[in-house]
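K.L.:
Next up, run-v5.cif (mmCIF, C-alpha atoms).
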```cif
data_run
loop_
_atom_site.group_PDB
_atom_site.id
_atom_site.type_symbol
_atom_site.label_atom_id
_atom_site.label_comp_id
_atom_site.auth_asym_id
_atom_site.auth_seq_id
_atom_site.Cartn_x
_atom_site.Cartn_y
_atom_site.Cartn_z
ATOM 1 C CA MET A 1272 -2.888 3.638 -23.291
ATOM 2 C CA ARG A 1273 -2.632 6.361 -25.952
ATOM 3 C CA SER A 1274 -3.901 3.966 -28.637
ATOM 4 C CA ALA A 1275 -6.889 3.088 -26.455
ATOM 5 C CA VAL A 1276 -7.696 6.780 -26.033
ATOM 6 C CA ARG A 1277 -7.482 7.292 -29.787
ATOM 7 C CA VAL A 1278 -9.767 4.299 -30.406
ATOM 8 C CA ALA A 1279 -12.316 5.632 -27.921
ATOM 9 C CA GLY A 1280 -12.167 9.079 -29.552
ATOM 10 C CA ARG A 1281 -12.765 7.588 -32.983
ATOM 11 C CA LEU A 1282 -15.732 5.601 -31.698
ATOM 12 C CA LEU A 1283 -17.288 8.685 -30.147
ATOM 13 C CA ALA A 1284 -16.670 10.755 -33.298
ATOM 14 C CA SER A 1285 -18.125 8.121 -35.602
ATOM 15 C CA ALA A 1286 -21.189 7.689 -33.390
ATOM 16 C CA SER A 1287 -21.783 11.457 -33.267
ATOM 17 C CA GLY A 1288 -21.326 11.763 -37.042
ATOM 18 C CA ALA A 1289 -23.747 8.936 -37.750
ATOM 19 C CA CYS A 1290 -26.360 10.416 -35.433
ATOM 20 C CA GLU A 1291 -26.001 13.845 -37.049
ATOM 21 C CA ALA A 1292 -26.276 12.447 -40.586
ATOM 22 C CA THR A 1293 -29.369 10.461 -39.634
ATOM 23 C CA ALA A 1294 -30.966 13.555 -38.170
ATOM 24 C CA GLN A 1295 -30.280 15.678 -41.251
ATOM 25 C CA ALA A 1296 -31.621 13.026 -43.618
ATOM 26 C CA ALA A 1297 -34.771 12.571 -41.592
ATOM 27 C CA MET A 1298 -35.447 16.308 -41.349
ATOM 28 C CA SER A 1299 -34.940 16.850 -45.092
ATOM 29 C CA THR A 1300 -37.250 14.026 -46.221
ATOM 30 C CA ALA A 1301 -40.031 14.266 -43.637
ATOM 31 C CA PRO A 1302 -43.107 16.471 -44.248
ATOM 32 C CA ALA A 1303 -43.503 19.637 -42.265
ATOM 33 C CA ALA A 1304 -46.298 18.158 -40.141
ATOM 34 C CA MET A 1305 -44.136 15.209 -39.130
ATOM 35 C CA GLN A 1306 -40.904 17.098 -38.544
ATOM 36 C CA GLN A 1307 -41.625 17.661 -34.860
ATOM 37 C CA GLY A 1308 -42.235 13.961 -34.154
ATOM 38 C CA VAL A 1309 -39.257 12.906 -36.248
ATOM 39 C CA SER A 1310 -37.090 15.453 -34.471
ATOM 40 C CA LYS A 1311 -37.925 13.948 -31.064
ATOM 41 C CA GLY A 1312 -37.246 10.418 -32.304
ATOM 42 C CA VAL A 1313 -33.914 11.475 -33.763
ATOM 43 C CA GLN A 1314 -32.993 13.164 -30.526
ATOM 44 C CA TYR A 1315 -33.772 10.007 -28.562
ATOM 45 C CA GLY A 1316 -31.785 7.924 -31.040
ATOM 46 C CA ALA A 1317 -28.848 10.299 -30.848
ATOM 47 C CA ALA A 1318 -28.925 10.161 -27.051
ATOM 48 C CA VAL A 1319 -28.962 6.348 -27.036
ATOM 49 C CA GLY A 1320 -26.146 6.226 -29.583
ATOM 50 C CA GLY A 1321 -24.042 8.630 -27.544
ATOM 51 C CA VAL A 1322 -24.557 6.590 -24.369
ATOM 52 C CA MET A 1323 -23.599 3.343 -26.122
ATOM 53 C CA ALA A 1324 -20.506 4.939 -27.665
ATOM 54 C CA GLY A 1325 -19.510 6.316 -24.264
ATOM 55 C CA LEU A 1326 -19.921 2.905 -22.596
ATOM 56 C CA LEU A 1327 -17.865 1.250 -25.323
ATOM 57 C CA GLY A 1328 -15.129 3.856 -24.976
ATOM 58 C CA ALA A 1329 -15.128 3.484 -21.204
ATOM 59 C CA SER A 1330 -14.750 -0.288 -21.506
ATOM 60 C CA VAL A 1331 -11.817 0.158 -23.872
ATOM 61 C CA LEU A 1332 -10.157 2.596 -21.489
ATOM 62 C CA ALA A 1333 -10.779 0.271 -18.525
ATOM 63 C CA SER A 1334 -9.145 -2.612 -20.381
ATOM 64 C CA ALA A 1335 -6.184 -0.405 -21.253
ATOM 65 C CA ASN A 1336 -5.823 0.706 -17.639
ATOM 66 C CA GLU A 1337 -5.924 -2.899 -16.425
ATOM 67 C CA VAL A 1338 -3.114 -3.816 -18.805
ATOM 68 C CA GLY A 1339 -1.055 -0.694 -18.180
ATOM 69 C CA ASP A 1340 -1.555 -0.291 -14.429
ATOM 70 C CA GLY A 1341 -2.103 -3.925 -13.458
ATOM 71 C CA MET A 1342 -5.144 -5.754 -12.160
ATOM 72 C CA HIS A 1343 -6.706 -4.261 -9.055
ATOM 73 C CA SER A 1344 -5.895 -6.286 -5.947
ATOM 74 C CA ALA A 1345 -8.658 -7.339 -3.574
ATOM 75 C CA ASP A 1346 -9.002 -5.772 -0.131
ATOM 76 C CA LEU A 1347 -8.040 -8.393 2.447
ATOM 77 C CA PRO A 1348 -8.993 -8.390 6.161
ATOM 78 C CA TRP A 1349 -5.587 -7.707 7.702
ATOM 79 C CA PRO A 1350 -5.595 -8.235 11.486
ATOM 80 C CA HIS A 1351 -3.809 -4.923 12.170
ATOM 81 C CA GLU A 1352 -6.064 -2.611 10.137
ATOM 82 C CA GLY A 1353 -8.732 -1.811 12.734
ATOM 83 C CA ILE A 1354 -8.567 1.209 15.015
ATOM 84 C CA PHE A 1355 -8.316 -1.005 18.093
ATOM 85 C CA ASP A 1356 -6.124 -3.667 16.437
ATOM 86 C CA SER A 1357 -2.364 -4.095 16.716
ATOM 87 C CA TYR A 1358 0.388 -5.892 14.852
ATOM 88 C CA ASP A 1359 0.772 -9.642 15.125
ATOM 89 C CA HIS A 1360 4.338 -9.785 16.446
ATOM 90 C CA ALA A 1361 4.652 -13.514 15.764
ATOM 91 C CA SER A 1362 3.779 -12.767 12.127
ATOM 92 C CA ILE A 1363 6.366 -9.966 12.036
ATOM 93 C CA ARG A 1364 9.020 -12.418 13.276
ATOM 94 C CA ARG A 1365 8.071 -14.981 10.651
ATOM 95 C CA GLY A 1366 7.972 -12.247 8.004
ATOM 96 C CA HIS A 1367 11.531 -11.256 8.849
ATOM 97 C CA GLN A 1368 12.549 -14.883 8.435
ATOM 98 C CA VAL A 1369 10.893 -14.951 4.999
ATOM 99 C CA TYR A 1370 12.730 -11.772 4.060
ATOM 100 C CA THR A 1371 16.055 -13.160 5.286
ATOM 101 C CA GLN A 1372 15.716 -16.545 3.577
ATOM 102 C CA VAL A 1373 14.000 -15.469 0.350
ATOM 103 C CA CYS A 1374 14.011 -11.731 -0.329
ATOM 104 C CA ALA A 1375 17.346 -10.528 1.074
ATOM 105 C CA ALA A 1376 19.316 -12.081 -1.790
ATOM 106 C CA CYS A 1377 18.089 -9.300 -4.114
ATOM 107 C CA HIS A 1378 16.205 -6.667 -2.084
ATOM 108 C CA SER A 1379 17.638 -4.370 0.555
ATOM 109 C CA MET A 1380 16.082 -2.747 3.618
ATOM 110 C CA GLN A 1381 18.670 -0.055 4.109
ATOM 111 C CA TYR A 1382 16.546 2.138 6.383
ATOM 112 C CA LEU A 1383 15.938 -0.564 8.998
ATOM 113 C CA HIS A 1384 18.314 -1.173 11.931
ATOM 114 C CA TRP A 1385 18.754 -4.298 14.026
ATOM 115 C CA ARG A 1386 17.825 -2.403 17.175
ATOM 116 C CA GLN A 1387 14.332 -1.747 15.791
ATOM 117 C CA LEU A 1388 13.612 -5.481 15.884
ATOM 118 C CA VAL A 1389 14.207 -5.656 19.639
ATOM 119 C CA GLY A 1390 10.942 -6.046 21.517
ATOM 120 C CA VAL A 1391 9.011 -6.412 18.265
ATOM 121 C CA ALA A 1392 10.217 -9.631 16.657
ATOM 122 C CA TYR A 1393 13.200 -10.690 18.794
ATOM 123 C CA THR A 1394 14.651 -10.292 22.226
ATOM 124 C CA GLU A 1395 17.776 -8.185 22.638
ATOM 125 C CA ASP A 1396 20.022 -11.261 22.798
ATOM 126 C CA GLU A 1397 18.429 -12.762 19.689
ATOM 127 C CA ALA A 1398 18.833 -9.515 17.758
ATOM 128 C CA LYS A 1399 22.477 -9.241 18.839
ATOM 129 C CA ALA A 1400 23.116 -12.811 17.689
ATOM 130 C CA LEU A 1401 21.566 -12.067 14.293
ATOM 131 C CA ALA A 1402 23.627 -8.887 13.941
ATOM 132 C CA LEU A 1403 26.839 -10.757 14.823
ATOM 133 C CA GLU A 1404 26.284 -13.104 11.893
ATOM 134 C CA THR A 1405 26.774 -10.185 9.464
ATOM 135 C CA GLU A 1406 29.948 -8.335 8.519
ATOM 136 C CA VAL A 1407 29.980 -4.564 8.269
ATOM 137 C CA THR A 1408 32.535 -2.443 6.460
ATOM 138 C CA ASP A 1409 33.732 0.259 8.849
ATOM 139 C CA GLY A 1410 36.526 2.720 9.168
ATOM 140 C CA PRO A 1411 38.837 4.243 8.433
ATOM 141 C CA ASP A 1412 41.137 2.973 11.175
ATOM 142 C CA ASP A 1413 44.238 4.697 12.536
ATOM 143 C CA GLU A 1414 46.096 3.822 9.343
ATOM 144 C CA GLY A 1415 43.345 5.184 7.107
ATOM 145 C CA GLU A 1416 42.199 1.777 5.946
ATOM 146 C CA MET A 1417 38.660 0.410 5.847
ATOM 147 C CA TYR A 1418 38.025 -2.812 7.717
ATOM 148 C CA THR A 1419 35.237 -5.287 8.392
ATOM 149 C CA ARG A 1420 33.784 -6.083 11.786
ATOM 150 C CA PRO A 1421 30.855 -8.094 13.196
ATOM 151 C CA GLY A 1422 27.526 -6.325 13.117
ATOM 152 C CA ARG A 1423 26.002 -4.501 16.074
ATOM 153 C CA LEU A 1424 22.461 -3.511 17.020
ATOM 154 C CA ALA A 1425 23.117 0.032 15.787
ATOM 155 C CA ASP A 1426 23.935 -1.182 12.269
ATOM 156 C CA LYS A 1427 21.536 -1.289 9.366
ATOM 157 C CA LEU A 1428 20.405 -4.544 7.837
ATOM 158 C CA PRO A 1429 22.936 -5.727 5.219
ATOM 159 C CA ILE A 1430 22.378 -4.873 1.570
ATOM 160 C CA PRO A 1431 22.903 -7.452 -1.196
ATOM 161 C CA TYR A 1432 24.646 -5.165 -3.705
ATOM 162 C CA ALA A 1433 27.203 -2.412 -3.377
ATOM 163 C CA ASN A 1434 25.406 -0.044 -5.784
ATOM 164 C CA GLU A 1435 22.598 0.177 -8.301
ATOM 165 C CA GLN A 1436 24.793 -0.760 -11.263
ATOM 166 C CA ALA A 1437 25.814 -4.035 -9.599
ATOM 167 C CA ALA A 1438 22.176 -4.785 -8.794
ATOM 168 C CA ARG A 1439 21.070 -4.210 -12.394
ATOM 169 C CA TYR A 1440 23.938 -6.269 -13.782
ATOM 170 C CA SER A 1441 23.006 -9.223 -11.572
ATOM 171 C CA ASN A 1442 19.291 -9.044 -12.432
ATOM 172 C CA GLY A 1443 19.310 -8.642 -16.192
ATOM 173 C CA GLY A 1444 18.925 -4.859 -16.112
ATOM 174 C CA ALA A 1445 16.079 -4.803 -13.573
ATOM 175 C CA TYR A 1446 16.674 -2.945 -10.315
ATOM 176 C CA PRO A 1447 15.202 -4.640 -7.208
ATOM 177 C CA PRO A 1448 13.660 -1.838 -5.134
ATOM 178 C CA ASP A 1449 14.394 -1.278 -1.473
ATOM 179 C CA LEU A 1450 11.619 -2.804 0.643
ATOM 180 C CA THR A 1451 11.757 -0.648 3.771
ATOM 181 C CA LEU A 1452 8.961 1.689 2.660
ATOM 182 C CA ILE A 1453 7.491 -0.384 -0.168
ATOM 183 C CA SER A 1454 4.193 -0.946 1.649
ATOM 184 C CA GLY A 1455 3.491 2.784 1.684
ATOM 185 C CA ALA A 1456 5.050 3.523 -1.713
ATOM 186 C CA ARG A 1457 2.647 1.341 -3.698
ATOM 187 C CA HIS A 1458 -1.041 1.965 -4.272
ATOM 188 C CA ASN A 1459 -3.163 -0.292 -2.052
ATOM 189 C CA GLY A 1460 0.150 -1.221 -0.387
ATOM 190 C CA GLN A 1461 -0.143 -4.486 1.485
ATOM 191 C CA ASN A 1462 -2.982 -5.844 -0.668
ATOM 192 C CA TYR A 1463 -0.956 -5.149 -3.807
ATOM 193 C CA ILE A 1464 2.178 -6.837 -2.446
ATOM 194 C CA PHE A 1465 0.246 -9.924 -1.341
ATOM 195 C CA ALA A 1466 -1.511 -10.182 -4.721
ATOM 196 C CA LEU A 1467 1.782 -9.702 -6.546
ATOM 197 C CA LEU A 1468 3.574 -12.430 -4.568
ATOM 198 C CA THR A 1469 0.763 -14.953 -5.030
ATOM 199 C CA GLY A 1470 -0.507 -13.884 -8.476
ATOM 200 C CA TYR A 1471 1.950 -15.604 -10.812
ATOM 201 C CA ARG A 1472 0.285 -17.657 -13.537
ATOM 202 C CA ASP A 1473 0.759 -18.821 -17.108
ATOM 203 C CA PRO A 1474 0.275 -16.081 -19.713
ATOM 204 C CA PRO A 1475 -3.045 -16.185 -21.563
ATOM 205 C CA ALA A 1476 -3.311 -17.422 -25.130
ATOM 206 C CA GLY A 1477 -1.711 -15.096 -27.647
ATOM 207 C CA ILE A 1478 0.741 -13.510 -25.193
ATOM 208 C CA THR A 1479 4.404 -14.529 -25.348
ATOM 209 C CA MET A 1480 6.748 -13.465 -22.565
ATOM 210 C CA ARG A 1481 10.251 -12.321 -23.396
ATOM 211 C CA GLU A 1482 13.084 -14.360 -21.928
ATOM 212 C CA GLY A 1483 13.748 -13.331 -18.334
ATOM 213 C CA LEU A 1484 10.226 -11.989 -17.756
ATOM 214 C CA TYR A 1485 7.288 -13.669 -16.024
ATOM 215 C CA TYR A 1486 3.567 -13.070 -16.324
ATOM 216 C CA ASN A 1487 1.838 -11.490 -13.350
ATOM 217 C CA PRO A 1488 -1.439 -9.632 -14.012
ATOM 218 C CA TYR A 1489 -1.045 -7.514 -10.860
ATOM 219 C CA PHE A 1490 2.218 -5.974 -12.044
ATOM 220 C CA PRO A 1491 1.900 -2.925 -14.330
ATOM 221 C CA GLY A 1492 2.276 -4.194 -17.866
ATOM 222 C CA GLY A 1493 1.903 -7.823 -16.792
ATOM 223 C CA ALA A 1494 5.597 -8.674 -17.298
ATOM 224 C CA ILE A 1495 7.849 -8.768 -14.237
ATOM 225 C CA ALA A 1496 11.539 -9.680 -14.006
ATOM 226 C CA MET A 1497 11.197 -11.330 -10.583
ATOM 227 C CA PRO A 1498 10.257 -15.016 -10.792
ATOM 228 C CA LYS A 1499 7.859 -16.650 -8.369
ATOM 229 C CA MET A 1500 9.819 -16.876 -5.132
ATOM 230 C CA LEU A 1501 7.299 -18.139 -2.593
ATOM 231 C CA VAL A 1502 6.574 -21.852 -2.779
ATOM 232 C CA ASP A 1503 5.196 -24.250 -0.202
ATOM 233 C CA GLY A 1504 7.924 -25.133 2.285
ATOM 234 C CA GLY A 1505 10.283 -22.463 0.962
ATOM 235 C CA THR A 1506 10.932 -21.002 4.438
ATOM 236 C CA GLU A 1507 11.800 -22.675 7.719
ATOM 237 C CA TYR A 1508 9.821 -21.079 10.564
ATOM 238 C CA ASP A 1509 11.333 -21.467 14.021
ATOM 239 C CA ASP A 1510 7.870 -21.706 15.616
ATOM 240 C CA GLY A 1511 6.758 -24.673 13.505
ATOM 241 C CA THR A 1512 4.098 -22.826 11.498
ATOM 242 C CA PRO A 1513 3.385 -24.587 8.160
ATOM 243 C CA ALA A 1514 5.171 -22.513 5.538
ATOM 244 C CA SER A 1515 2.644 -22.465 2.716
ATOM 245 C CA ALA A 1516 3.087 -19.909 -0.044
ATOM 246 C CA SER A 1517 0.123 -17.819 1.132
ATOM 247 C CA GLN A 1518 1.336 -17.963 4.751
ATOM 248 C CA GLN A 1519 4.772 -16.731 3.721
ATOM 249 C CA ALA A 1520 3.197 -13.925 1.670
ATOM 250 C CA LYS A 1521 0.969 -12.905 4.579
ATOM 251 C CA ASP A 1522 3.878 -12.869 7.038
ATOM 252 C CA VAL A 1523 6.318 -10.968 4.844
ATOM 253 C CA VAL A 1524 3.624 -8.374 3.999
ATOM 254 C CA THR A 1525 2.979 -7.908 7.727
ATOM 255 C CA PHE A 1526 6.714 -7.443 8.293
ATOM 256 C CA LEU A 1527 7.015 -4.927 5.440
ATOM 257 C CA THR A 1528 3.975 -3.012 6.687
ATOM 258 C CA TRP A 1529 5.501 -2.803 10.168
ATOM 259 C CA ALA A 1530 8.818 -1.645 8.647
ATOM 260 C CA CYS A 1531 6.956 1.176 6.872
ATOM 261 C CA TYR A 1532 4.803 2.106 9.891
ATOM 262 C CA PRO A 1533 6.793 0.943 12.943
ATOM 263 C CA TYR A 1534 5.027 3.298 15.373
ATOM 264 C CA GLN A 1535 1.469 2.520 14.294
ATOM 265 C CA ASP A 1536 0.494 0.775 17.542
ATOM 266 C CA GLU A 1537 1.943 3.556 19.715
ATOM 267 C CA MET A 1538 0.180 6.198 17.632
ATOM 268 C CA ARG A 1539 -3.159 4.423 17.980
ATOM 269 C CA VAL A 1540 -2.766 4.113 21.745
ATOM 270 C CA MET A 1541 -1.860 7.805 21.940
ATOM 271 C CA GLY A 1542 -4.840 8.707 19.750
ATOM 272 C CA ILE A 1543 -7.235 6.701 21.935
ATOM 273 C CA LYS A 1544 -5.879 8.418 25.047
ATOM 274 C CA ALA A 1545 -6.163 11.818 23.395
ATOM 275 C CA CYS A 1546 -9.786 11.146 22.378
ATOM 276 C CA PHE A 1547 -10.616 10.041 25.922
ATOM 277 C CA VAL A 1548 -9.065 13.127 27.499
ATOM 278 C CA LEU A 1549 -10.720 15.361 24.879
ATOM 279 C CA SER A 1550 -14.132 13.851 25.623
ATOM 280 C CA LEU A 1551 -13.626 14.535 29.337
ATOM 281 C CA MET A 1552 -12.656 18.124 28.588
ATOM 282 C CA ILE A 1553 -15.709 18.613 26.368
ATOM 283 C CA ALA A 1554 -17.991 17.177 29.051
ATOM 284 C CA PHE A 1555 -16.435 19.434 31.710
ATOM 285 C CA ALA A 1556 -16.691 22.501 29.454
ATOM 286 C CA SER A 1557 -20.346 21.751 28.697
ATOM 287 C CA TYR A 1558 -21.158 21.330 32.378
ATOM 288 C CA SER A 1559 -19.287 24.535 33.313
ATOM 289 C CA LYS A 1560 -21.093 26.460 30.633
ATOM 290 C CA ARG A 1561 -24.515 25.311 31.850
ATOM 291 C CA LEU A 1562 -23.532 25.962 35.479
ATOM 292 C CA ARG A 1563 -22.455 29.527 34.711
ATOM 293 C CA TRP A 1564 -25.149 30.547 32.249
ATOM 294 C CA ALA A 1565 -28.186 28.680 33.584
ATOM 295 C CA PRO A 1566 -28.979 31.302 36.278
ATOM 296 C CA LEU A 1567 -28.625 34.129 33.763
ATOM 297 C CA LYS A 1568 -30.709 32.455 31.081
ATOM 298 C CA SER A 1569 -33.473 31.417 33.481
ATOM 299 C CA GLN A 1570 -33.771 34.656 35.472
ATOM 300 C CA ARG A 1571 -36.887 36.734 35.096
ATOM 301 C CA ILE A 1572 -36.777 40.505 34.779
ATOM 302 C CA VAL A 1573 -39.914 42.428 35.778
ATOM 303 C CA MET A 1574 -40.190 46.074 34.847
ATOM 304 C CA ASP A 1575 -42.456 48.258 37.026
ATOM 305 C CA VAL A 1576 -43.782 50.736 34.485
ATOM 306 C CA VAL A 1577 -46.310 52.215 36.865
ATOM 307 C CA ASN A 1578 -43.910 53.736 39.357
#
```
As a first step, turn the structure in this file into structure tokens.

P.N.:
Amino acid sequence: MRSAVRVAGRLLASASGACEATAQAAMSTAPAAMQQGVSKGVQYGAAVGGVMAGLLGASVLASANEVGDGMHSADLPWPHEGIFDSYDHASIRRGHQVYTQVCAACHSMQYLHWRQLVGVAYTEDEAKALALETEVTDGPDDEGEMYTRPGRLADKLPIPYANEQAARYSNGGAYPPDLTLISGARHNGQNYIFALLTGYRDPPAGITMREGLYYNPYFPGGAIAMPKMLVDGGTEYDDGTPASASQQAKDVVTFLTWACYPYQDEMRVMGIKACFVLSLMIAFASYSKRLRWAPLKSQRIVMDVVN
């Protein structure tokens, strides 16, 4: 990025210097009668040269930003984005299955509890059964020892690594981020995650990836330590939905968006109710104002100046 800025600065400086030298040469060699016309032509030429240099510098900076910050992801029509839209709970359930079968081996969701899935993706009995399949370290007991027990609804979702050092050691130095709030922590959240999961491709000619890194133009820098994880048929959905790679990406993004904004539907319903009540109050206030002030504003005062 810094080299691109320096290149753009050099281009602008060279263009300005060339325009200034051209102007001085023209003014020194032209007759006095023609100096005014030459001066206008030089000014126009200098303006055009400055615009071209600016466009070239902007293109260089844009290319540098694309490489450094990643390719911009397209805006997709998510079914829960509208003001009157709500989450697709079947998609949230499938997204949790994608997370469990694919993502949970490396990524944690340490701020999400089993009880939050009740009524959203699973029934209470289903959530209890899923929690019972996990083991939770608890304690200390009466003897001061830690022990393991089956999970409960009040427990958090299990984490794959005990600490950050263990996570980095198992992933070649890369630290898999927690996914609970990832949809809100990344620019263009859900669109970026979907593009990242489906954007793996072979590196272009002239670019060699270091061992353990994979090319993804949507990731800042283009080199990511996570390999392509979503493939056709990589997840078994319990509702029989065909598990294509794009379907898995769509479902897991919906699940991660719900995990980041779990009360979005309730907030929208509350906002709609508040707007409705506010509109009624405004209508009542307007009517009361006209009822009170109409007689005063329409009355006629006659002054008898004779008597």

K.L.:
Using the chain letters and numbers from the file, which residues does the PyMOL selection byres ((chain A and resi 1451-1463) around 7) grab, as a ChimeraX atom specification?

P.N.:
/A:1344-1347,1380-1383,1449-1450,1464-1467,1524,1527-1528,1530-1531

K.L.:
Please enclose the listed atoms of segment 1510-1518 of chain A in an axis-aligned box, pad each side by 6 Å, and write out the centre and the three edge lengths in Å, rounded to one decimal, as JSON.

P.N.:
```
{"center_x": 4.0, "center_y": -21.2, "center_z": 7.8, "size_x": 19.7, "size_y": 18.9, "size_z": 27.7}
```

K.L.:
Quick one: distance from atom CA of Asn1434 of chain A to atom CA of Asp1413 of chain A in Å, one decimal?

P.N.:
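It comes out at 26.7 Å.
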
K.L.:
What would the selection look like, as a ChimeraX atom specification, if the PyMOL selection byres ((chain A and resi 1518) around 12) were run on the coordinates I just shared?

P.N.:
/A:1362-1363,1365-1366,1369,1465,1468-1469,1501-1508,1512-1517,1519-1525

K.L.:
I'd like the contact shell of Pro1350 of chain A - 10 Å cut-off, all atoms listed in the file, skipping same-chain residues fewer than 5 positions apart - returned as a PDB file with C-alpha atoms, keeping the file's coordinate frame.

P.N.:
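Wrote it out as selection35.pdb, contents follow:
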```pdb
ATOM      1  CA  ASP A1356      -6.124  -3.667  16.437  1.00  0.00           C
ATOM      2  CA  SER A1357      -2.364  -4.095  16.716  1.00  0.00           C
ATOM      3  CA  TYR A1358       0.388  -5.892  14.852  1.00  0.00           C
ATOM      4  CA  ASP A1359       0.772  -9.642  15.125  1.00  0.00           C
ATOM      5  CA  THR A1525       2.979  -7.908   7.727  1.00  0.00           C
TER       6      THR A1525
END
```

K.L.:
Write out as a PyMOL selection string each polymer residue whose atoms come within 12 Å of segment 1440-1444 of chain A, counting only C-alpha atoms; drop sequence neighbours fewer than 4 positions from it.

P.N.:
chain A and resi 1376-1378+1431-1436+1448+1482-1484+1495-1498

K.L.:
I need the output of the PyMOL selection byres ((chain A and resi 1474) around 9) for this file as a list in words; which residues are they?

P.N.:
Arg1472, Asp1473, Pro1475, Ala1476, Gly1477, Ile1478, Thr1479, Met1480, Tyr1485, Tyr1486, Asn1487, Pro1488 and Gly1493 of chain A

K.L.:
Quick one: residues within 7 Å of segment 1396-1399 of chain A, all atoms listed in the file, excluding same-chain residues fewer than 4 positions away - as a VMD selection string?

P.N.:
chain A and resid 1385 1388 to 1389 1403 1423 to 1424

K.L.:
Report the distance between atom CA of Asp1536 of chain A and atom CA of Leu1549 of chain A in Å, rounded to one decimal place.

P.N.:
19.8 Å

K.L.:
Could you work out how far atom CA of His1351 of chain A lies from atom CA of Trp1529 of chain A, giving the answer in Å with one decimal?

P.N.:
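Atom CA of His1351 of chain A lies at a distance of 9.8 Å from atom CA of Trp1529 of chain A.
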
K.L.:
Of the candidates A:His1360, A:Arg1386, A:Arg1563, A:His1343, which shows the shortest atom-to-atom distance to Leu1401 of chain A, using all atoms listed in the file?

P.N.:
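Among A:His1360, A:Arg1386, A:Arg1563, A:His1343, it is A:Arg1386 that comes nearest to Leu1401 of chain A.
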